[in-house]
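Below is one structure, written out as structure tokens; the observations come after it.
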Amino acid sequence: MTQISAKISDRRTFAIISHPDAGKTTLTEKLLYFGGAIHLAGEVKARGQNRRARSDWMKIEQQRGISVTSSVMTFEREGITFNLLDTPGHEDFSEDTYRTLTAVDSAVMVIDAARGIEAQTRKLFEVCRLRSVPIITFVNKVDREGRDPFELLDEIADMLALDVCPMSWPVGMGGQFEGVLNLADNNVARPEGDSRTFQGKVDADPTLPGNIADEVELAQGGYAEFDAEAYRNGDLTPVYFGSALKDFGVAELIAALAAYAPPPRPQPAEPAPVAPDNPEVTGFIFKVQANMDPNHRDRIAFMRLCSGTFKRGMKLTPTGHGKPIAVHSPILFFAQNREVADEAFPGDIIGIPNHGTLRVGDTLSERADVRFTGLPNFAPEILRRVALKDPTKTKQLRKALDDMAEEGVTQVFYPEIGSNWIIGVVGQLQLEVLISRLDAEYKVAAGLEMAPFETARWISADDPADLKTFADLNRAAMAKDRDGNPVYMAKTSWDVGYVADRYPKVRFAATRER
Ligand code: GDP
């Protein structure tokens, strides 16, 4: 095996999808701990304090107790490099989350044993399904009173239309919790810490509940057998039971990722998909984050490396715009510590500091003749007019709105007529984040007013004359987005349908692929 193919087969780039409160944060910390990225319990605490200090400026994050920003954490275990991409869990951030999920090769779905599949889990699962992202399921909190494991498995199978394959089994739950039985080797991890293997039958141990043998037999007979191919196609999910808080099932989960989760796959691109072992360095930007450090007006573009061996100082060209940029101080993310990277391989995420030249959706490559596809912008569902309280701050406001549009947090539209800029979001919470960040990061006091529009569509036509005719007749509803693309703003989505019928030569797109 060549060096690069070994590096590729040793990489697992994944995300955790879950409903808020299912235990994603706890599991993430435990994965990092088991992966050796955090050595002492004290360091977990220190990391928490750091994190609080760093995001102090983002007060909303604390008030709501949600994670607004997403990050990348890398850890290694037994020769495998894991890149864990954190996805914001709140439903208002589905767009950001969607983009993050375009950058992973597999996902871990965390479910609360007492609650089963919840709304947000389901939504995120659908996004994974769109891209056939394979899923390992982790049923968390089995140390507490939860629902019957059979019922949970059936719910996953029915609601998500997936084959399920239990890989472990909880021995009792809540007060009766005795541990987690690994169905592959009949080994029970016990709450006291020691674990033991049963010789032969699981009911050989008198301290275990009497019905456990029957349960295990039913569990093994009643569901699909594990099939690595079906898992990788996204048709089957192996299910692990555990407790992130009490450290059950976490090591098994890491082992499962190492054994079964796919290494980097070919990525959809034009003119042709790019295989990871293609020697040319290519990647795409799935996230841009401004002001990660409040003392520096830096901006980090997160690039997923899709092929080639990246080396520090390498020149990469953004497809479609701009000159080659030399990447002198790329950042790799080792469990929250930013480290300067000398080398990176397909599946790795590189942070590229820049001053606004890189955008979400950009392809970067050594020779600018490839473009990754499939990172959409979504039509906003809420439009608001931005009202500036101090008119001398126009320039700062424009910069702030452009920055945040670039990050993909909000979209900004500059109407053809009038000077009231309009921002668009997919969820209410983003509005609060916007106002709070305008104030904290840009010292701009602004309010939001109702806009005369409710939705927006990107418009295009084969013949530019058709587009111009339409734009001239609908001047009052026309705007440009951050990149200068023409946008039609409508009072209601019903209006969009009505206008689209009248102008059949104009296309009205609810997403814009970048
Ligand atoms: P997130 O919102 O998905 O990131 O969830 P958190 O990791 O913050 O967990 C939500 C709550 O559930 C916290 O109070 C955790 O301590 C608790 N929790 C997480 N995992 C477990 C578990 O395995 N068992 C129990 N009993 N509680 C857990």
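Residue names in the structure tokens use chain letters A, B, ... in the order shown, residue numbers from 1 in each chain, and ligand numbers from 1 in the order shown.
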_Just want the residues within 10 Å of ligand 1, written as number ranges by chain, counting only C-alpha atoms and all ligand atoms._
A: 16-30, 65-67, 88-90, 110-113, 139-146, 174, 241-250
*Enumerate the residues of region 224-343 of chain A with a DSSP assignment of helix (DSSP H, G or I), computed from the backbone, and present them as a PyMOL selection string.*
chain A and resi 228-232+250-260
Please produce an output containing C-alpha atoms for each residue in the selection, written as a JSON list (two decimals), in the first residue's frame.
```json
[["chain", "number", "residue", "atom", "x", "y", "z"],
["A", 228, "ALA", "CA", -21.02, -4.25, 6.39],
["A", 229, "GLU", "CA", -22.05, -3.55, 2.83],
["A", 230, "ALA", "CA", -25.68, -2.80, 3.75],
["A", 231, "TYR", "CA", -24.39, -0.47, 6.49],
["A", 232, "ARG", "CA", -22.10, 1.37, 4.10],
["A", 250, "VAL", "CA", -18.07, 4.21, 24.25],
["A", 251, "ALA", "CA", -15.02, 2.05, 23.57],
["A", 252, "GLU", "CA", -17.23, -0.32, 21.55],
["A", 253, "LEU", "CA", -18.50, 2.64, 19.53],
["A", 254, "ILE", "CA", -14.98, 3.76, 18.69],
["A", 255, "ALA", "CA", -14.07, 0.19, 17.75],
["A", 256, "ALA", "CA", -17.14, 0.04, 15.49],
["A", 257, "LEU", "CA", -16.17, 3.28, 13.75],
["A", 258, "ALA", "CA", -12.67, 1.92, 13.23],
["A", 259, "ALA", "CA", -13.87, -1.45, 11.96],
["A", 260, "TYR", "CA", -16.89, -0.56, 9.85]]
```
Check which residues of region 139-176 of chain A sit at most 9 Å from region 207-225 of chain A using only C-alpha atoms, and return one row each with the closest pair of atoms and their distance in Å to one decimal, ordered by chain and rising number, as JSON lines.
```
{"residue": "A:Phe150", "atom": "CA", "partner": "A:Ala219", "partner_atom": "CA", "distance": 7.6}
{"residue": "A:Leu153", "atom": "CA", "partner": "A:Tyr223", "partner_atom": "CA", "distance": 8.9}
{"residue": "A:Asp163", "atom": "CA", "partner": "A:Ala224", "partner_atom": "CA", "distance": 6.3}
{"residue": "A:Val164", "atom": "CA", "partner": "A:Ala224", "partner_atom": "CA", "distance": 6.1}
{"residue": "A:Cys165", "atom": "CA", "partner": "A:Ala224", "partner_atom": "CA", "distance": 5.3}
{"residue": "A:Pro166", "atom": "CA", "partner": "A:Ala219", "partner_atom": "CA", "distance": 6.9}
{"residue": "A:Met167", "atom": "CA", "partner": "A:Gln220", "partner_atom": "CA", "distance": 8.8}
{"residue": "A:Trp169", "atom": "CA", "partner": "A:Val216", "partner_atom": "CA", "distance": 7.3}
{"residue": "A:Val171", "atom": "CA", "partner": "A:Ile212", "partner_atom": "CA", "distance": 6.8}
{"residue": "A:Gly172", "atom": "CA", "partner": "A:Pro209", "partner_atom": "CA", "distance": 7.5}
{"residue": "A:Gln176", "atom": "CA", "partner": "A:Pro209", "partner_atom": "CA", "distance": 8.6}
```
Closest atom pairs, region 311-386 of chain A residues within 8 Å of region 398-409 of chain A, only C-alpha atoms, as JSON lines:
```
{"residue": "A:Gly356", "atom": "CA", "partner": "A:Asp403", "partner_atom": "CA", "distance": 7.5}
{"residue": "A:Arg359", "atom": "CA", "partner": "A:Glu406", "partner_atom": "CA", "distance": 5.8}
{"residue": "A:Val360", "atom": "CA", "partner": "A:Glu406", "partner_atom": "CA", "distance": 6.7}
```
_Env of Pro318 (chain A): 8 Å cut, atoms = only C-alpha atoms, seq-sep filter 4 positions within chain, self excluded. Answer as an NGL selection string._
:A and (322-324 or 358 or 362-365 or 368)
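Taking CA of Val370 (chain A) as the reference point, CA of Ile285 (chain A) is found at 13.6 Å.
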Kindly assemble as JSON lines a list of the region 317-397 of chain A residues that lie within 9 Å of region 445-464 of chain A, each paired with its nearest atom pair and their distance in Å to one decimal, using only C-alpha atoms, sorted first by chain and then by ascending residue number.
```
{"residue": "A:Ala379", "atom": "CA", "partner": "A:Ala456", "partner_atom": "CA", "distance": 6.0}
{"residue": "A:Pro380", "atom": "CA", "partner": "A:Thr455", "partner_atom": "CA", "distance": 6.0}
{"residue": "A:Glu381", "atom": "CA", "partner": "A:Thr455", "partner_atom": "CA", "distance": 5.6}
{"residue": "A:Ile382", "atom": "CA", "partner": "A:Glu454", "partner_atom": "CA", "distance": 5.9}
{"residue": "A:Leu383", "atom": "CA", "partner": "A:Glu454", "partner_atom": "CA", "distance": 5.5}
{"residue": "A:Arg384", "atom": "CA", "partner": "A:Ala451", "partner_atom": "CA", "distance": 4.9}
{"residue": "A:Arg385", "atom": "CA", "partner": "A:Glu449", "partner_atom": "CA", "distance": 5.0}
{"residue": "A:Val386", "atom": "CA", "partner": "A:Leu448", "partner_atom": "CA", "distance": 4.9}
{"residue": "A:Ala387", "atom": "CA", "partner": "A:Gly447", "partner_atom": "CA", "distance": 5.1}
{"residue": "A:Leu388", "atom": "CA", "partner": "A:Ala446", "partner_atom": "CA", "distance": 4.5}
{"residue": "A:Lys389", "atom": "CA", "partner": "A:Ala446", "partner_atom": "CA", "distance": 5.4}
{"residue": "A:Asp390", "atom": "CA", "partner": "A:Ala445", "partner_atom": "CA", "distance": 7.0}
{"residue": "A:Lys393", "atom": "CA", "partner": "A:Ala445", "partner_atom": "CA", "distance": 8.7}
{"residue": "A:Leu397", "atom": "CA", "partner": "A:Ala446", "partner_atom": "CA", "distance": 8.6}
```
_Report, in Å with one decimal, the straight-line distance from CA of Ala189 (chain A) to CA of Thr237 (chain A)._
22.2 Å
*Identify which of the residues A:Thr81, A:Asn474, A:Thr102, A:Asn485 lies closest to Tyr503 (chain A), counting only C-alpha atoms when measuring atom-to-atom distances.*
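Nearest candidate to Tyr503 (chain A) out of A:Thr81, A:Asn474, A:Thr102, A:Asn485: A:Asn474.
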*Just the strand (DSSP E or B) stuff from region 255-316 of chain A, please, per backbone DSSP, written as a VMD selection string.*
chain A and resid 267 269 to 270 274 282 to 290 299 to 307 310 to 311 315 to 316
Could those residues be written to a file, using C-alpha atoms, as a PDB file, in the first residue's frame?
```pdb
ATOM      1  CA  GLN A 267     -16.815  13.158  -3.744  1.00  0.00           C
ATOM      2  CA  ALA A 269     -17.764  16.976  -8.533  1.00  0.00           C
ATOM      3  CA  GLU A 270     -17.718  18.342 -12.027  1.00  0.00           C
ATOM      4  CA  VAL A 274     -12.892  13.001  -7.331  1.00  0.00           C
ATOM      5  CA  THR A 282      -8.541  19.183  -3.859  1.00  0.00           C
ATOM      6  CA  GLY A 283     -11.047  20.156  -1.196  1.00  0.00           C
ATOM      7  CA  PHE A 284     -14.111  22.222  -0.543  1.00  0.00           C
ATOM      8  CA  ILE A 285     -15.107  24.816   2.014  1.00  0.00           C
ATOM      9  CA  PHE A 286     -18.128  23.716   4.053  1.00  0.00           C
ATOM     10  CA  LYS A 287     -18.006  26.378   6.720  1.00  0.00           C
ATOM     11  CA  VAL A 288     -16.572  29.813   7.317  1.00  0.00           C
ATOM     12  CA  GLN A 289     -16.380  31.230  10.779  1.00  0.00           C
ATOM     13  CA  ALA A 290     -15.502  34.837  11.485  1.00  0.00           C
ATOM     14  CA  ARG A 299     -11.808  34.281   9.555  1.00  0.00           C
ATOM     15  CA  ILE A 300     -11.360  30.562   9.322  1.00  0.00           C
ATOM     16  CA  ALA A 301     -12.547  28.678   6.283  1.00  0.00           C
ATOM     17  CA  PHE A 302     -13.004  24.974   7.038  1.00  0.00           C
ATOM     18  CA  MET A 303     -11.897  22.871   4.121  1.00  0.00           C
ATOM     19  CA  ARG A 304     -12.532  19.183   3.764  1.00  0.00           C
ATOM     20  CA  LEU A 305      -9.596  17.683   1.950  1.00  0.00           C
ATOM     21  CA  CYS A 306     -10.941  15.335  -0.738  1.00  0.00           C
ATOM     22  CA  SER A 307      -7.777  14.142  -2.471  1.00  0.00           C
ATOM     23  CA  PHE A 310      -1.731  18.628   1.463  1.00  0.00           C
ATOM     24  CA  LYS A 311       1.544  20.272   2.504  1.00  0.00           C
ATOM     25  CA  LYS A 315      -0.771  27.109  -3.380  1.00  0.00           C
ATOM     26  CA  LEU A 316      -4.421  26.351  -3.953  1.00  0.00           C
TER      27      LEU A 316
END
```
*Mind pulling up the distance from CA of Met478 (chain A) to CA of Tyr414 (chain A)?*
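That distance, rounded to one decimal, is 8.6 Å.
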*Contacts of Pro330 (chain A) within 10 Å, only C-alpha atoms, excl. fewer than 5 positions in-chain, as an NGL selection string*: :A and (300-303 or 310-314 or 338-344 or 349-353)
Next, dump the selected residues to file, keeping only N, CA and C atoms, as a PDB file, in the first residue's frame.
```pdb
ATOM      1  N   ILE A 300     -11.875  31.882   9.635  1.00  0.00           N
ATOM      2  CA  ILE A 300     -11.360  30.562   9.322  1.00  0.00           C
ATOM      3  C   ILE A 300     -12.311  29.888   8.342  1.00  0.00           C
ATOM      4  N   ALA A 301     -11.764  29.473   7.218  1.00  0.00           N
ATOM      5  CA  ALA A 301     -12.547  28.678   6.283  1.00  0.00           C
ATOM      6  C   ALA A 301     -12.208  27.221   6.567  1.00  0.00           C
ATOM      7  N   PHE A 302     -13.219  26.394   6.768  1.00  0.00           N
ATOM      8  CA  PHE A 302     -13.004  24.974   7.038  1.00  0.00           C
ATOM      9  C   PHE A 302     -13.070  24.211   5.723  1.00  0.00           C
ATOM     10  N   MET A 303     -11.944  23.622   5.368  1.00  0.00           N
ATOM     11  CA  MET A 303     -11.897  22.871   4.121  1.00  0.00           C
ATOM     12  C   MET A 303     -11.820  21.377   4.394  1.00  0.00           C
ATOM     13  N   PHE A 310      -1.905  17.193   1.301  1.00  0.00           N
ATOM     14  CA  PHE A 310      -1.731  18.628   1.463  1.00  0.00           C
ATOM     15  C   PHE A 310      -0.449  18.894   2.241  1.00  0.00           C
ATOM     16  N   LYS A 311       0.339  19.875   1.769  1.00  0.00           N
ATOM     17  CA  LYS A 311       1.544  20.272   2.504  1.00  0.00           C
ATOM     18  C   LYS A 311       1.485  21.762   2.767  1.00  0.00           C
ATOM     19  N   ARG A 312       1.975  22.110   3.945  1.00  0.00           N
ATOM     20  CA  ARG A 312       1.947  23.515   4.337  1.00  0.00           C
ATOM     21  C   ARG A 312       2.651  24.406   3.314  1.00  0.00           C
ATOM     22  N   GLY A 313       2.047  25.560   3.021  1.00  0.00           N
ATOM     23  CA  GLY A 313       2.651  26.492   2.093  1.00  0.00           C
ATOM     24  C   GLY A 313       2.194  26.277   0.652  1.00  0.00           C
ATOM     25  N   MET A 314       1.472  25.200   0.450  1.00  0.00           N
ATOM     26  CA  MET A 314       0.988  24.852  -0.885  1.00  0.00           C
ATOM     27  C   MET A 314       0.070  25.940  -1.436  1.00  0.00           C
ATOM     28  N   ARG A 338      -5.827  24.568  18.568  1.00  0.00           N
ATOM     29  CA  ARG A 338      -5.473  24.796  17.177  1.00  0.00           C
ATOM     30  C   ARG A 338      -3.986  24.514  17.014  1.00  0.00           C
ATOM     31  N   GLU A 339      -3.676  23.669  16.049  1.00  0.00           N
ATOM     32  CA  GLU A 339      -2.267  23.387  15.815  1.00  0.00           C
ATOM     33  C   GLU A 339      -1.955  23.644  14.353  1.00  0.00           C
ATOM     34  N   VAL A 340      -0.796  24.137  14.110  1.00  0.00           N
ATOM     35  CA  VAL A 340      -0.408  24.382  12.723  1.00  0.00           C
ATOM     36  C   VAL A 340      -0.075  23.041  12.066  1.00  0.00           C
ATOM     37  N   ALA A 341      -0.656  22.824  10.909  1.00  0.00           N
ATOM     38  CA  ALA A 341      -0.480  21.547  10.232  1.00  0.00           C
ATOM     39  C   ALA A 341       0.620  21.623   9.194  1.00  0.00           C
ATOM     40  N   ASP A 342       1.413  20.572   9.105  1.00  0.00           N
ATOM     41  CA  ASP A 342       2.415  20.502   8.047  1.00  0.00           C
ATOM     42  C   ASP A 342       1.906  19.659   6.894  1.00  0.00           C
ATOM     43  N   GLU A 343       1.061  18.703   7.245  1.00  0.00           N
ATOM     44  CA  GLU A 343       0.591  17.744   6.255  1.00  0.00           C
ATOM     45  C   GLU A 343      -0.830  17.342   6.603  1.00  0.00           C
ATOM     46  N   ALA A 344      -1.620  17.098   5.595  1.00  0.00           N
ATOM     47  CA  ALA A 344      -2.958  16.572   5.860  1.00  0.00           C
ATOM     48  C   ALA A 344      -3.357  15.665   4.709  1.00  0.00           C
ATOM     49  N   ILE A 349      -9.767  17.816   7.970  1.00  0.00           N
ATOM     50  CA  ILE A 349     -10.308  19.159   7.856  1.00  0.00           C
ATOM     51  C   ILE A 349      -9.175  20.134   8.157  1.00  0.00           C
ATOM     52  N   ILE A 350      -9.049  21.123   7.310  1.00  0.00           N
ATOM     53  CA  ILE A 350      -8.007  22.124   7.509  1.00  0.00           C
ATOM     54  C   ILE A 350      -8.676  23.467   7.694  1.00  0.00           C
ATOM     55  N   GLY A 351      -8.245  24.199   8.705  1.00  0.00           N
ATOM     56  CA  GLY A 351      -8.731  25.562   8.876  1.00  0.00           C
ATOM     57  C   GLY A 351      -7.803  26.498   8.121  1.00  0.00           C
ATOM     58  N   ILE A 352      -8.346  27.304   7.239  1.00  0.00           N
ATOM     59  CA  ILE A 352      -7.510  28.225   6.471  1.00  0.00           C
ATOM     60  C   ILE A 352      -7.850  29.659   6.856  1.00  0.00           C
ATOM     61  N   PRO A 353      -6.930  30.325   7.571  1.00  0.00           N
ATOM     62  CA  PRO A 353      -7.194  31.718   7.939  1.00  0.00           C
ATOM     63  C   PRO A 353      -7.197  32.567   6.665  1.00  0.00           C
TER      64      PRO A 353
END
```
